[in-house]
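Q: Below is upload07.tsv; it holds TSV, C-alpha atoms and all ligand atoms.
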```tsv
chain	number	residue	atom	x	y	z
A	1	MET	CA	73.25	16.09	25.32
A	2	SER	CA	73.06	18.13	22.24
A	3	ASP	CA	72.50	14.87	20.35
A	4	MET	CA	69.68	14.04	22.55
A	5	ASP	CA	68.28	17.50	22.14
A	6	GLU	CA	68.50	17.12	18.43
A	7	THR	CA	66.72	13.82	18.43
A	8	ILE	CA	64.07	14.95	20.82
A	9	GLY	CA	63.68	18.23	19.00
A	10	SER	CA	63.59	16.80	15.45
A	11	THR	CA	61.21	13.86	15.99
A	12	PRO	CA	58.23	15.83	17.18
A	13	GLY	CA	59.04	18.43	14.59
A	14	SER	CA	58.89	16.02	11.60
A	15	GLU	CA	55.81	14.21	12.95
A	16	HIS	CA	54.12	17.52	13.37
A	17	ASP	CA	55.03	18.48	9.84
A	18	MET	CA	53.71	15.16	8.54
A	19	LEU	CA	50.42	15.61	10.33
A	20	THR	CA	50.17	19.16	9.11
A	21	LEU	CA	50.69	17.92	5.60
A	22	GLN	CA	48.08	15.25	6.04
A	23	ILE	CA	45.60	17.74	7.38
A	24	GLN	CA	46.26	20.00	4.43
A	25	ASP	CA	45.77	17.06	2.14
A	26	LEU	CA	42.47	16.15	3.77
A	27	LYS	CA	41.34	19.74	3.63
A	28	ALA	CA	42.07	19.74	-0.07
A	29	GLN	CA	40.09	16.55	-0.45
A	30	ILE	CA	37.16	18.03	1.44
A	31	LEU	CA	37.20	20.97	-0.87
A	32	ASP	CA	37.31	18.63	-3.81
A	33	TYR	CA	34.30	16.69	-2.55
A	34	LYS	CA	32.46	19.89	-1.78
A	35	LEU	CA	32.98	20.96	-5.37
A	36	LYS	CA	31.81	17.60	-6.67
A	37	ASN	CA	28.84	17.74	-4.33
A	38	GLU	CA	27.91	21.12	-5.65
A	39	LEU	CA	28.07	19.83	-9.20
A	40	LEU	CA	25.91	16.84	-8.31
A	41	GLU	CA	23.51	19.09	-6.47
A	42	LYS	CA	23.15	21.18	-9.62
A	43	GLU	CA	22.64	18.08	-11.74
A	44	LEU	CA	19.99	16.84	-9.31
A	45	GLN	CA	18.16	20.14	-9.52
A	46	GLN	CA	18.29	19.99	-13.29
A	47	LEU	CA	16.89	16.44	-13.28
A	48	ARG	CA	14.17	17.39	-10.83
A	49	LYS	CA	13.18	20.22	-13.10
A	50	GLU	CA	13.11	17.94	-16.12
A	51	ASN	CA	11.13	15.38	-14.17
A	52	GLY	CA	8.63	18.02	-13.16
A	53	GLN	CA	8.27	19.13	-16.75
A	54	LEU	CA	7.79	15.55	-17.87
A	55	LYS	CA	4.99	15.20	-15.40
A	56	ARG	CA	3.43	18.43	-16.55
A	57	VAL	CA	3.11	17.51	-20.23
A	58	PRO	CA	-0.22	15.92	-21.07
A	59	LEU	CA	-0.27	12.28	-20.14
A	60	PHE	CA	-2.11	9.41	-21.73
A	61	VAL	CA	-4.26	7.07	-19.73
A	62	ALA	CA	-3.66	3.35	-20.09
A	63	ALA	CA	-4.95	0.28	-18.36
A	64	VAL	CA	-2.70	-2.42	-16.98
A	65	VAL	CA	-3.66	-5.60	-18.80
A	66	ASP	CA	-1.09	-7.77	-17.12
A	67	VAL	CA	2.03	-7.52	-14.98
A	68	LEU	CA	4.79	-9.54	-16.64
A	69	GLU	CA	8.19	-10.79	-15.47
A	70	ASN	CA	11.41	-8.78	-15.42
A	71	GLY	CA	9.78	-5.51	-14.55
A	72	GLU	CA	7.63	-5.50	-17.65
A	73	VAL	CA	4.04	-4.34	-17.76
A	74	TYR	CA	1.49	-4.97	-20.50
A	75	LEU	CA	-0.62	-1.89	-21.10
A	76	ARG	CA	-3.60	-1.02	-23.22
A	77	GLN	CA	-4.16	2.60	-24.05
A	78	GLN	CA	-7.64	3.91	-23.45
A	79	GLY	CA	-9.48	5.15	-26.46
A	80	ASN	CA	-7.38	3.79	-29.30
A	81	ASN	CA	-6.88	0.38	-27.65
A	82	GLN	CA	-3.20	0.30	-28.64
A	83	GLU	CA	-1.30	-2.27	-26.67
A	84	TYR	CA	2.33	-2.22	-25.62
A	85	VAL	CA	4.81	-3.52	-23.10
A	86	THR	CA	6.83	-1.13	-21.00
A	87	VAL	CA	9.43	-1.57	-18.26
A	88	VAL	CA	8.92	-0.03	-14.84
A	89	ASN	CA	11.04	0.16	-11.69
A	90	GLU	CA	10.82	-2.53	-9.07
A	91	LYS	CA	8.74	-0.55	-6.61
A	92	LEU	CA	6.09	0.32	-9.18
A	93	HIS	CA	6.18	-3.20	-10.57
A	94	ARG	CA	5.20	-4.55	-7.19
A	95	THR	CA	2.23	-2.20	-6.80
A	96	LEU	CA	0.71	-2.57	-10.26
A	97	LYS	CA	-2.16	-4.96	-10.77
A	98	PRO	CA	-4.25	-5.88	-13.80
A	99	GLY	CA	-7.16	-3.50	-14.14
A	100	MET	CA	-5.35	-0.47	-12.73
A	101	LYS	CA	-5.30	2.80	-14.59
A	102	VAL	CA	-1.96	4.52	-15.13
A	103	ALA	CA	-0.78	7.75	-16.71
A	104	VAL	CA	1.91	7.35	-19.36
A	105	ASN	CA	3.98	10.04	-21.02
A	106	ASN	CA	4.74	10.34	-24.72
A	107	THR	CA	7.60	7.85	-24.45
A	108	LEU	CA	5.01	5.42	-23.00
A	109	SER	CA	6.69	5.26	-19.59
A	110	ILE	CA	4.41	5.07	-16.60
A	111	VAL	CA	4.52	8.34	-14.69
A	112	LYS	CA	1.99	7.50	-12.00
A	113	THR	CA	-0.94	5.26	-11.15
A	114	ILE	CA	-4.43	6.74	-11.24
A	115	GLY	CA	-6.61	4.05	-9.75
A	116	ASN	CA	-8.84	1.29	-10.89
A	117	ILE	CA	-10.33	0.94	-14.30
A	118	PHE	CA	-13.71	-0.26	-13.11
A	119	ASP	CA	-15.49	3.04	-13.50
A	120	ALA	CA	-14.81	2.91	-17.23
A	121	ARG	CA	-16.74	-0.32	-17.43
A	122	VAL	CA	-20.03	1.02	-16.20
A	123	ARG	CA	-21.84	-0.09	-19.30
A	124	VAL	CA	-21.23	-3.78	-18.64
A	125	MET	CA	-20.68	-3.60	-14.92
A	126	GLU	CA	-23.09	-1.72	-12.81
A	127	LEU	CA	-22.20	-1.15	-9.20
A	128	ASP	CA	-25.07	-0.29	-6.91
A	129	GLU	CA	-23.73	0.58	-3.49
A	130	GLN	CA	-27.18	0.48	-1.96
A	131	PRO	CA	-30.02	-0.88	-4.04
A	132	SER	CA	-33.31	0.77	-3.12
A	133	VAL	CA	-35.60	-2.18	-3.88
A	134	THR	CA	-37.33	-3.70	-0.87
A	135	PHE	CA	-39.15	-7.03	-0.64
A	136	GLU	CA	-42.42	-5.10	-0.34
A	137	GLN	CA	-41.91	-3.96	-3.92
A	138	VAL	CA	-41.92	-7.53	-5.19
A	139	GLY	CA	-45.38	-8.96	-5.79
A	140	GLY	CA	-45.91	-12.69	-5.26
A	141	LEU	CA	-42.83	-14.93	-5.39
A	142	LYS	CA	-42.84	-15.47	-1.62
A	143	GLU	CA	-41.34	-18.95	-1.75
A	144	GLU	CA	-38.80	-17.94	-4.35
A	145	ILE	CA	-37.72	-14.97	-2.25
A	146	GLU	CA	-37.35	-17.16	0.82
A	147	GLU	CA	-35.19	-19.59	-1.14
A	148	VAL	CA	-32.98	-16.78	-2.38
A	149	ARG	CA	-32.63	-15.36	1.11
A	150	GLU	CA	-31.55	-18.74	2.46
A	151	ALA	CA	-28.92	-19.07	-0.21
A	152	VAL	CA	-27.68	-15.49	-0.42
A	153	GLU	CA	-28.68	-13.35	2.51
A	154	TYR	CA	-28.33	-15.65	5.51
A	155	PRO	CA	-24.81	-16.81	4.61
A	156	LEU	CA	-23.89	-13.10	4.74
A	157	THR	CA	-25.90	-12.00	7.75
A	158	LYS	CA	-26.18	-15.13	9.90
A	159	PRO	CA	-23.32	-17.42	8.87
A	160	GLU	CA	-23.48	-19.14	12.25
A	161	ILE	CA	-26.71	-20.96	11.37
A	162	TYR	CA	-24.89	-22.84	8.62
A	163	GLU	CA	-22.06	-23.64	10.99
A	164	ARG	CA	-24.44	-24.83	13.66
A	165	VAL	CA	-26.27	-27.18	11.35
A	166	GLY	CA	-23.07	-28.11	9.56
A	167	VAL	CA	-24.18	-27.54	5.99
A	168	GLU	CA	-22.66	-25.48	3.25
A	169	PRO	CA	-24.84	-22.85	1.62
A	170	PRO	CA	-25.11	-23.13	-2.15
A	171	LYS	CA	-22.29	-21.61	-4.15
A	172	GLY	CA	-24.28	-19.92	-6.87
A	173	ILE	CA	-27.96	-19.19	-7.38
A	174	LEU	CA	-29.51	-19.29	-10.81
A	175	LEU	CA	-32.86	-17.61	-11.33
A	176	TYR	CA	-34.67	-18.61	-14.47
A	177	GLY	CA	-37.96	-17.65	-15.99
A	178	PRO	CA	-39.58	-15.40	-18.59
A	179	PRO	CA	-38.19	-11.87	-18.94
A	180	GLY	CA	-39.89	-9.29	-16.75
A	181	THR	CA	-40.93	-11.62	-13.94
A	182	GLY	CA	-38.82	-9.96	-11.26
A	183	LYS	CA	-35.46	-11.77	-11.28
A	184	THR	CA	-33.40	-8.60	-11.17
A	185	LEU	CA	-35.84	-7.15	-8.68
A	186	ILE	CA	-35.35	-10.06	-6.28
A	187	ALA	CA	-31.56	-9.89	-6.60
A	188	LYS	CA	-31.55	-6.18	-5.78
A	189	ALA	CA	-33.93	-6.59	-2.88
A	190	VAL	CA	-31.84	-9.35	-1.36
A	191	ALA	CA	-28.70	-7.21	-1.76
A	192	ARG	CA	-30.40	-4.39	0.06
A	193	GLN	CA	-31.66	-6.67	2.79
A	194	SER	CA	-28.17	-8.14	3.29
A	195	GLN	CA	-26.57	-4.68	3.19
A	196	ALA	CA	-24.35	-5.89	0.41
A	197	ARG	CA	-23.15	-4.10	-2.69
A	198	PHE	CA	-24.97	-5.13	-5.82
A	199	ILE	CA	-22.69	-5.67	-8.81
A	200	ARG	CA	-24.47	-6.50	-12.03
A	201	MET	CA	-22.90	-7.66	-15.25
A	202	SER	CA	-24.92	-8.22	-18.37
A	203	GLY	CA	-23.83	-11.26	-20.31
A	204	SER	CA	-25.21	-10.07	-23.61
A	205	GLU	CA	-23.69	-6.59	-23.39
A	206	LEU	CA	-20.39	-8.18	-22.46
A	207	VAL	CA	-20.45	-10.34	-25.54
A	208	HIS	CA	-21.61	-7.65	-27.93
A	209	LYS	CA	-19.63	-4.63	-26.85
A	210	TYR	CA	-16.38	-5.98	-25.56
A	211	ILE	CA	-15.22	-8.51	-28.06
A	212	GLY	CA	-11.88	-9.88	-26.95
A	213	GLU	CA	-12.21	-8.52	-23.44
A	214	GLY	CA	-14.79	-10.86	-21.97
A	215	ALA	CA	-12.46	-12.98	-19.86
A	216	GLN	CA	-10.65	-9.91	-18.59
A	217	LEU	CA	-13.92	-8.23	-17.64
A	218	VAL	CA	-15.08	-11.31	-15.77
A	219	ARG	CA	-11.80	-11.20	-13.87
A	220	GLU	CA	-12.29	-7.54	-13.09
A	221	LEU	CA	-15.85	-8.21	-11.98
A	222	PHE	CA	-14.65	-10.57	-9.29
A	223	ILE	CA	-11.75	-8.33	-8.27
A	224	LEU	CA	-14.29	-5.56	-7.78
A	225	ALA	CA	-16.57	-7.88	-5.80
A	226	ARG	CA	-13.74	-8.91	-3.48
A	227	GLU	CA	-12.75	-5.29	-2.98
A	228	ARG	CA	-16.30	-4.25	-2.14
A	229	ALA	CA	-17.37	-7.31	-0.17
A	230	PRO	CA	-19.89	-8.03	1.23
A	231	ALA	CA	-21.19	-8.07	-2.31
A	232	ILE	CA	-23.67	-9.83	-4.52
A	233	VAL	CA	-22.48	-10.47	-8.04
A	234	PHE	CA	-25.41	-10.72	-10.41
A	235	ILE	CA	-24.74	-12.01	-13.90
A	236	ASP	CA	-27.77	-11.16	-15.97
A	237	GLU	CA	-28.49	-13.02	-19.20
A	238	ILE	CA	-25.84	-15.56	-18.37
A	239	ASP	CA	-26.91	-17.61	-21.40
A	240	ALA	CA	-25.02	-15.10	-23.58
A	241	ILE	CA	-21.70	-16.33	-22.15
A	242	GLY	CA	-22.77	-19.70	-20.84
A	243	SER	CA	-24.53	-21.32	-23.76
A	244	MET	CA	-23.83	-24.87	-24.71
A	245	ARG	CA	-20.49	-24.97	-26.43
A	246	THR	CA	-20.96	-24.75	-30.12
A	247	ASN	CA	-18.37	-26.08	-32.46
A	248	ASP	CA	-19.68	-24.20	-35.42
A	249	GLY	CA	-16.36	-22.45	-35.92
A	250	THR	CA	-17.86	-18.98	-35.78
A	251	SER	CA	-15.43	-16.32	-34.67
A	252	GLY	CA	-17.42	-15.41	-31.59
A	253	SER	CA	-17.65	-18.82	-30.03
A	254	ALA	CA	-13.99	-19.24	-29.01
A	255	GLU	CA	-14.09	-15.88	-27.31
A	256	VAL	CA	-17.38	-16.67	-25.58
A	257	GLN	CA	-15.92	-19.93	-24.43
A	258	ARG	CA	-12.87	-18.19	-22.95
A	259	THR	CA	-15.21	-15.88	-21.08
A	260	LEU	CA	-17.17	-18.84	-19.75
A	261	MET	CA	-13.96	-20.62	-18.70
A	262	GLN	CA	-12.91	-17.53	-16.79
A	263	LEU	CA	-16.27	-17.41	-15.04
A	264	LEU	CA	-16.00	-21.06	-14.03
A	265	ALA	CA	-12.46	-20.52	-12.77
A	266	GLU	CA	-13.54	-17.51	-10.72
A	267	MET	CA	-16.44	-19.45	-9.19
A	268	ASP	CA	-14.18	-22.35	-8.32
A	269	GLY	CA	-11.92	-19.89	-6.52
A	270	PHE	CA	-14.64	-18.96	-4.04
A	271	GLY	CA	-15.68	-20.77	-0.90
A	272	ASN	CA	-19.37	-21.47	-0.31
A	273	ARG	CA	-19.36	-19.29	2.79
A	274	GLY	CA	-17.54	-16.26	1.50
A	275	ASN	CA	-18.98	-12.77	1.68
A	276	VAL	CA	-19.22	-12.55	-2.09
A	277	ARG	CA	-22.42	-14.27	-3.19
A	278	ILE	CA	-22.96	-15.15	-6.81
A	279	MET	CA	-26.30	-14.97	-8.59
A	280	ALA	CA	-27.24	-15.27	-12.23
A	281	ALA	CA	-30.39	-15.00	-14.29
A	282	THR	CA	-31.50	-16.45	-17.59
A	283	ASN	CA	-34.62	-17.02	-19.58
A	284	ARG	CA	-32.94	-19.78	-21.60
A	285	ILE	CA	-31.96	-22.36	-19.00
A	286	ASP	CA	-32.23	-25.07	-21.67
A	287	MET	CA	-29.30	-23.47	-23.48
A	288	LEU	CA	-26.92	-23.37	-20.53
A	289	ASP	CA	-23.70	-25.30	-20.57
A	290	PRO	CA	-24.06	-28.14	-18.03
A	291	ALA	CA	-20.66	-27.14	-16.62
A	292	LEU	CA	-22.37	-24.10	-15.12
A	293	LEU	CA	-24.92	-26.21	-13.30
A	294	ARG	CA	-22.52	-28.62	-11.62
A	295	PRO	CA	-22.19	-28.67	-7.82
A	296	GLY	CA	-19.93	-25.86	-6.71
A	297	ARG	CA	-21.14	-23.67	-9.55
A	298	PHE	CA	-24.78	-22.63	-9.91
A	299	ASP	CA	-26.03	-25.35	-7.64
A	300	ARG	CA	-29.29	-23.76	-6.51
A	301	ILE	CA	-31.73	-23.30	-9.33
A	302	ILE	CA	-34.85	-21.27	-8.66
A	303	GLY	CA	-37.65	-20.88	-11.16
A	304	VAL	CA	-39.35	-17.49	-11.30
A	305	PRO	CA	-42.73	-18.17	-12.92
A	306	LEU	CA	-45.39	-15.90	-14.38
A	307	PRO	CA	-47.55	-14.52	-11.58
A	308	ASP	CA	-50.86	-16.25	-10.81
A	309	THR	CA	-54.00	-14.21	-10.18
A	310	GLY	CA	-53.14	-13.53	-6.54
A	311	ALA	CA	-49.61	-12.43	-7.41
A	312	ARG	CA	-50.92	-10.28	-10.28
A	313	LEU	CA	-53.17	-8.47	-7.81
A	314	GLU	CA	-50.21	-7.85	-5.50
A	315	ILE	CA	-48.13	-6.53	-8.39
A	316	LEU	CA	-50.97	-4.26	-9.53
A	317	LYS	CA	-51.28	-2.91	-5.97
A	318	ILE	CA	-47.55	-2.17	-5.88
A	319	HIS	CA	-47.58	-0.28	-9.15
A	320	THR	CA	-50.76	1.64	-8.45
A	321	ALA	CA	-49.73	2.61	-4.92
A	322	LYS	CA	-48.87	6.16	-5.96
A	323	MET	CA	-51.66	6.58	-8.52
A	324	SER	CA	-55.01	8.25	-7.88
A	325	LEU	CA	-57.64	5.64	-8.64
A	326	SER	CA	-61.35	6.25	-9.09
A	327	GLY	CA	-63.79	4.43	-6.85
A	328	ASN	CA	-64.87	2.16	-9.71
A	329	VAL	CA	-61.44	0.57	-10.13
A	330	ASP	CA	-61.56	-3.14	-9.36
A	331	LEU	CA	-57.96	-4.35	-9.18
A	332	THR	CA	-59.04	-7.92	-8.47
A	333	GLY	CA	-61.07	-7.95	-11.66
A	334	ILE	CA	-58.13	-6.47	-13.59
A	335	ALA	CA	-55.82	-9.12	-12.16
A	336	GLU	CA	-58.21	-11.79	-13.40
A	337	LEU	CA	-58.54	-10.22	-16.83
A	338	ALA	CA	-54.80	-9.69	-17.29
A	339	GLY	CA	-54.01	-13.39	-17.50
A	340	ASN	CA	-50.66	-14.63	-18.75
A	341	THR	CA	-48.79	-11.40	-18.11
A	342	THR	CA	-45.44	-10.76	-16.43
A	343	GLY	CA	-44.74	-8.28	-13.65
A	344	ALA	CA	-43.15	-5.94	-16.18
A	345	GLU	CA	-46.29	-6.11	-18.34
A	346	LEU	CA	-48.53	-5.43	-15.36
A	347	GLN	CA	-46.38	-2.43	-14.59
A	348	ALA	CA	-46.81	-1.32	-18.21
A	349	ILE	CA	-50.59	-1.76	-17.89
A	350	CYS	CA	-50.63	0.54	-14.85
A	351	ARG	CA	-48.50	3.10	-16.66
A	352	GLU	CA	-50.68	2.96	-19.77
A	353	ALA	CA	-53.86	3.32	-17.70
A	354	GLY	CA	-52.32	6.41	-16.14
A	355	MET	CA	-51.52	7.79	-19.60
A	356	MET	CA	-55.12	7.19	-20.71
A	357	ALA	CA	-56.36	9.22	-17.75
A	358	ILE	CA	-53.94	12.02	-18.54
A	359	ARG	CA	-55.16	12.05	-22.15
A	360	ARG	CA	-58.74	12.30	-20.90
A	361	ASP	CA	-57.59	15.15	-18.72
A	362	ALA	CA	-59.02	13.31	-15.72
A	363	ASP	CA	-57.87	13.57	-12.11
A	364	ALA	CA	-57.97	9.84	-11.47
A	365	VAL	CA	-57.56	6.60	-13.35
A	366	ASP	CA	-60.76	4.60	-13.76
A	367	GLN	CA	-61.66	1.04	-14.67
A	368	GLU	CA	-62.09	1.83	-18.37
A	369	ASP	CA	-58.51	3.13	-18.53
A	370	PHE	CA	-57.25	-0.16	-17.15
A	371	LEU	CA	-59.30	-2.21	-19.57
A	372	ALA	CA	-58.00	-0.19	-22.51
A	373	ALA	CA	-54.45	-0.50	-21.16
A	374	ILE	CA	-54.72	-4.29	-20.91
A	375	THR	CA	-55.80	-4.49	-24.54
A	376	LYS	CA	-52.98	-2.21	-25.63
A	377	VAL	CA	-50.20	-3.95	-23.68
A	378	LYS	CA	-51.40	-7.43	-24.60
A	379	ARG	CA	-51.52	-6.51	-28.25
A	380	GLU	CA	-47.96	-5.21	-28.04
A	381	VAL	CA	-46.59	-8.29	-26.36
A	382	ALA	CA	-48.42	-10.61	-28.72
A	383	ALA	CA	-46.20	-9.41	-31.56
A	384	PRO	CA	-44.27	-12.36	-33.06
A	385	ASP	CA	-41.07	-13.47	-31.34
A	386	SER	CA	-41.45	-11.01	-28.50
A	387	ARG	CA	-41.86	-13.75	-25.95
A	388	MET	CA	-39.21	-16.28	-26.75
A	389	TYR	CA	-38.41	-18.21	-23.65
A	390	THR	CA	-38.88	-21.61	-22.15
B	401	LIG	N1	-42.98	-9.68	-9.16
B	401	LIG	C1	-42.95	-8.39	-9.44
B	401	LIG	N2	-43.44	-7.47	-8.57
B	401	LIG	C2	-43.43	-6.16	-8.85
B	401	LIG	N3	-42.90	-5.64	-9.96
B	401	LIG	C3	-42.39	-6.48	-10.87
B	401	LIG	C4	-42.38	-7.89	-10.65
B	401	LIG	N4	-41.79	-8.48	-11.71
B	401	LIG	C5	-41.45	-7.48	-12.55
B	401	LIG	N5	-41.79	-6.29	-12.05
B	401	LIG	C6	-41.58	-4.98	-12.68
B	401	LIG	O1	-40.94	-5.19	-13.93
B	401	LIG	C7	-39.67	-4.60	-13.96
B	401	LIG	C8	-38.67	-5.54	-14.65
B	401	LIG	O2	-38.49	-6.69	-13.87
B	401	LIG	P1	-37.11	-7.45	-13.75
B	401	LIG	O3	-36.87	-7.78	-12.34
B	401	LIG	O4	-36.04	-6.64	-14.42
B	401	LIG	O5	-37.40	-8.73	-14.61
B	401	LIG	P2	-36.39	-9.86	-15.03
B	401	LIG	O6	-35.07	-9.57	-14.39
B	401	LIG	O7	-37.02	-11.12	-14.54
B	401	LIG	O8	-36.35	-9.81	-16.52
B	401	LIG	C9	-39.31	-4.37	-12.52
B	401	LIG	O9	-38.45	-3.26	-12.40
B	401	LIG	C10	-40.65	-4.14	-11.88
B	401	LIG	O10	-41.03	-2.80	-11.98
B	402	MG	MG	-33.66	-8.59	-15.50
```
Step by step, read the file and then write its structure as structure tokens.
A:
Amino acid sequence: MSDMDETIGSTPGSEHDMLTLQIQDLKAQILDYKLKNELLEKELQQLRKENGQLKRVPLFVAAVVDVLENGEVYLRQQGNNQEYVTVVNEKLHRTLKPGMKVAVNNTLSIVKTIGNIFDARVRVMELDEQPSVTFEQVGGLKEEIEEVREAVEYPLTKPEIYERVGVEPPKGILLYGPPGTGKTLIAKAVARQSQARFIRMSGSELVHKYIGEGAQLVRELFILARERAPAIVFIDEIDAIGSMRTNDGTSGSAEVQRTLMQLLAEMDGFGNRGNVRIMAATNRIDMLDPALLRPGRFDRIIGVPLPDTGARLEILKIHTAKMSLSGNVDLTGIAELAGNTTGAELQAICREAGMMAIRRDADAVDQEDFLAAITKVKREVAAPDSRMYT
């Protein structure tokens, strides 16, 4: 019996001891981990502090030129235009897009994203959320306006009519005619009427001010348009980037050609019925690369001519609407006398007539002021080479 007692007594005893030992061991381990945890916690705090300091030092602003493979990003620093490639983490890599603005620290690592670069491009790209021009402010050009509305406004506001009839609206609308005849005016008015954003890019400014960046800016223009759709993209002076390809070997032409290629690629990427409508203007249609005028590109071409007498009268009425005119003013007669003038010149005539009245210290503008203004403006525009167009 005593044997039994021994066995029974010893077995639970040793098992108990073993478990006690194990518990002690685990407790020791817990303590160990707690210590390690504390150390890590301290390290984390230190890193957080350093990170905070890093973010507090002045940061440089850079633009994302391209997002490359393997976590790499191609940046261009604002101001000095220095370019470099930096590596970012996967999460950031996924969110970055060409054209975005980022803040970089002095080791050129991206600290955070700031937003889009577009606002820095205001000189070439002008975004008008709500143009204020109405059709009433455009004199003459009734048929031209109607054609533009069919091609630009109705696809945005009444797309169902195109579906019903089963035709595609034109892809791009090209307005051509002498400078100052109201091309920009029409484009703005149609944007207002369609409640679309008006995004204007000037071809000549693009070519002159942003050498080497033309293609990128064209890309950004269309990114902006997609973001802000419904939108009307208006490329003014398109001849500056869309002239017949010259093989004269001048340094500018390869760059201009790349810009044009980008424009063609962007246009090909749009459907005819999209809510981004594309318009362009030129006074040198004879110079345009035929590639621009192919179907699916600028396939609706609308001439904007010099105003005839009736249209000149309308334009004079528009620009004298807010002026005090004497009873002797005969706008019809002025419209007849001011032959061969553009809308912009007629506006200048009205302004000059107003100036004459101010100089005379008169309360109202009279006929004589207008006659003198016509002579002055016509003399100015008759200066050599001031009216080069076709
Ligand atoms: N048909 C017109 N009716 C009223 N104003 C006009 C007209 N055409 C030109 N203007 C005046 O001339 C200015 C310049 O015209 P704009 O539309 O920029 O010419 P374009 O783009 O054809 O060179 C306009 O802001 C407007 O004041
Ligand atoms: Mg214009």
Q: Which one of A:Gly139, A:Gly203, A:Gly303, A:Gly180 sits closest to A:Leu316 if you count all atoms listed in the file?
A: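 The answer is A:Gly139, which sits nearest to A:Leu316.
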Q: Within 12 Å of (3.0, -2.2, -8.7), only C-alpha atoms: residues as a list in words?
A: Val64, Asp66, Val67, Leu68, Gly71, Glu72, Val73, Val87, Val88, Asn89, Glu90, Lys91, Leu92, His93, Arg94, Thr95, Leu96, Lys97, Pro98, Gly99, Met100, Lys101, Val102, Ile110, Lys112, Thr113, Ile114 and Gly115 of chain A
Q: Would you pick out the contacts of stretch 365-367 of chain A at 9 Å or less, using all atoms listed in the file, so that residues sharing its chain but fewer than 6 positions from it are not included, and give the list as a list of chain:residue names?
A: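 The filter keeps A:Met323, A:Ser324, A:Leu325, A:Ser326, A:Gly327, A:Asn328, A:Val329, A:Asp330, A:Leu331, A:Ile334, A:Ala353, A:Gly354, A:Met355, A:Met356, A:Ala357, A:Ile358.
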Q: Pick out the residues no farther than 6 Å from ligand LIG 401 (chain B), counting only C-alpha atoms and all ligand atoms, and list them as a list of chain:residue names.
A: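 Selection of residues at most 6 Å from ligand LIG 401 (chain B): A:Gln137, A:Val138, A:Gly139, A:Gly140, A:Pro179, A:Gly180, A:Thr181, A:Gly182, A:Lys183, A:Thr184, A:Leu185, A:Ile315, A:Gly343, A:Ala344, A:Gln347.
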Q: Find the residue from A:Glu144, A:Glu83, A:Glu255, A:Glu69 that sits nearest to A:Ile302; use all atoms listed in the file when measuring.
A: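 Smallest distance to A:Ile302 is found for A:Glu144.
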Q: Residues proximal to (-33.4, -5.2, 6.1) were defined as those with any atom within 12 Å of that point in the file's coordinates, counting only C-alpha atoms. Which are they, as a compact mmCIF listing (two decimals) with C-alpha atoms, keeping the file's coordinate frame?
A:
```txt
# COMPACT_ATOMS: atom_id res chain seq x y z
CA GLN A 130 -27.18 0.48 -1.96
CA PRO A 131 -30.02 -0.88 -4.04
CA SER A 132 -33.31 0.77 -3.12
CA VAL A 133 -35.60 -2.18 -3.88
CA THR A 134 -37.33 -3.70 -0.87
CA PHE A 135 -39.15 -7.03 -0.64
CA GLU A 136 -42.42 -5.10 -0.34
CA ARG A 149 -32.63 -15.36 1.11
CA GLU A 153 -28.68 -13.35 2.51
CA TYR A 154 -28.33 -15.65 5.51
CA THR A 157 -25.90 -12.00 7.75
CA ALA A 189 -33.93 -6.59 -2.88
CA VAL A 190 -31.84 -9.35 -1.36
CA ALA A 191 -28.70 -7.21 -1.76
CA ARG A 192 -30.40 -4.39 0.06
CA GLN A 193 -31.66 -6.67 2.79
CA SER A 194 -28.17 -8.14 3.29
CA GLN A 195 -26.57 -4.68 3.19
CA ALA A 196 -24.35 -5.89 0.41
```
Q: Could you check which of A:Lys188, A:Arg359, A:Arg379, A:Lys317 is closest to ligand MG 402 (chain B), using only C-alpha atoms and all ligand atoms?
A: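 The shortest atom-to-atom distance to ligand MG 402 (chain B) comes from A:Lys188.
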Q: Between atom CA of A:Met125 and atom CA of A:Glu213, what is the distance in Å, rounded to a tenth?
A: 13.0 Å
Q: Mind pulling up the distance from atom CA of A:Glu147 to atom CA of A:Glu336?
A: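 These two atoms are separated by 27.2 Å.
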Q: Between atom CA of A:Ser243 and atom CA of A:Thr282, measure the distance and give it in Å to one decimal.
A: 10.5 Å
Q: Let me make sure I understand: among A:Ala291, A:Leu217, A:Val57, A:Ile173, which one has the smallest atom-to-atom distance to A:Met279 if we use only C-alpha atoms?
A: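 The closest residue to A:Met279 is A:Ile173.
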Q: Identify which of the residues A:Arg228, A:Lys142, A:Arg200, A:Arg273 lies closest to ligand MG 402 (chain B), counting only C-alpha atoms and all ligand atoms when measuring atom-to-atom distances.
A: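 Residue with the minimum atom-to-atom distance to ligand MG 402 (chain B): A:Arg200.
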Q: Measuring between all atoms listed in the file, which one of A:Asn80, A:Gln22, A:Gln257, A:Asn283 shows the shortest distance to ligand MG 402 (chain B)?
A: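 Of all the options, A:Asn283 lies closest to ligand MG 402 (chain B).
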Q: Neighbouring residues of A:Leu75 were defined as those with any atom within 7 Å, considering all atoms listed in the file; residues of the same chain fewer than 6 positions away were excluded. Please report them as a list in words.
A: Ala62, Ala63, Val64, Val65, Glu83, Tyr84 and Val85 of chain A
Q: Neighbouring residues of A:Leu127 were defined as those with any atom within 8 Å, considering only C-alpha atoms; residues of the same chain fewer than 5 positions away were excluded. Please report them as a ChimeraX atom specification.
A: /A:122,197-200
Q: For A:Pro58, work out the shell of residues within 12 Å, counting all atoms listed in the file and skipping chain neighbours fewer than 4 positions away, then give it as a PyMOL selection string.
A: chain A and resi 53-54+103-108+111
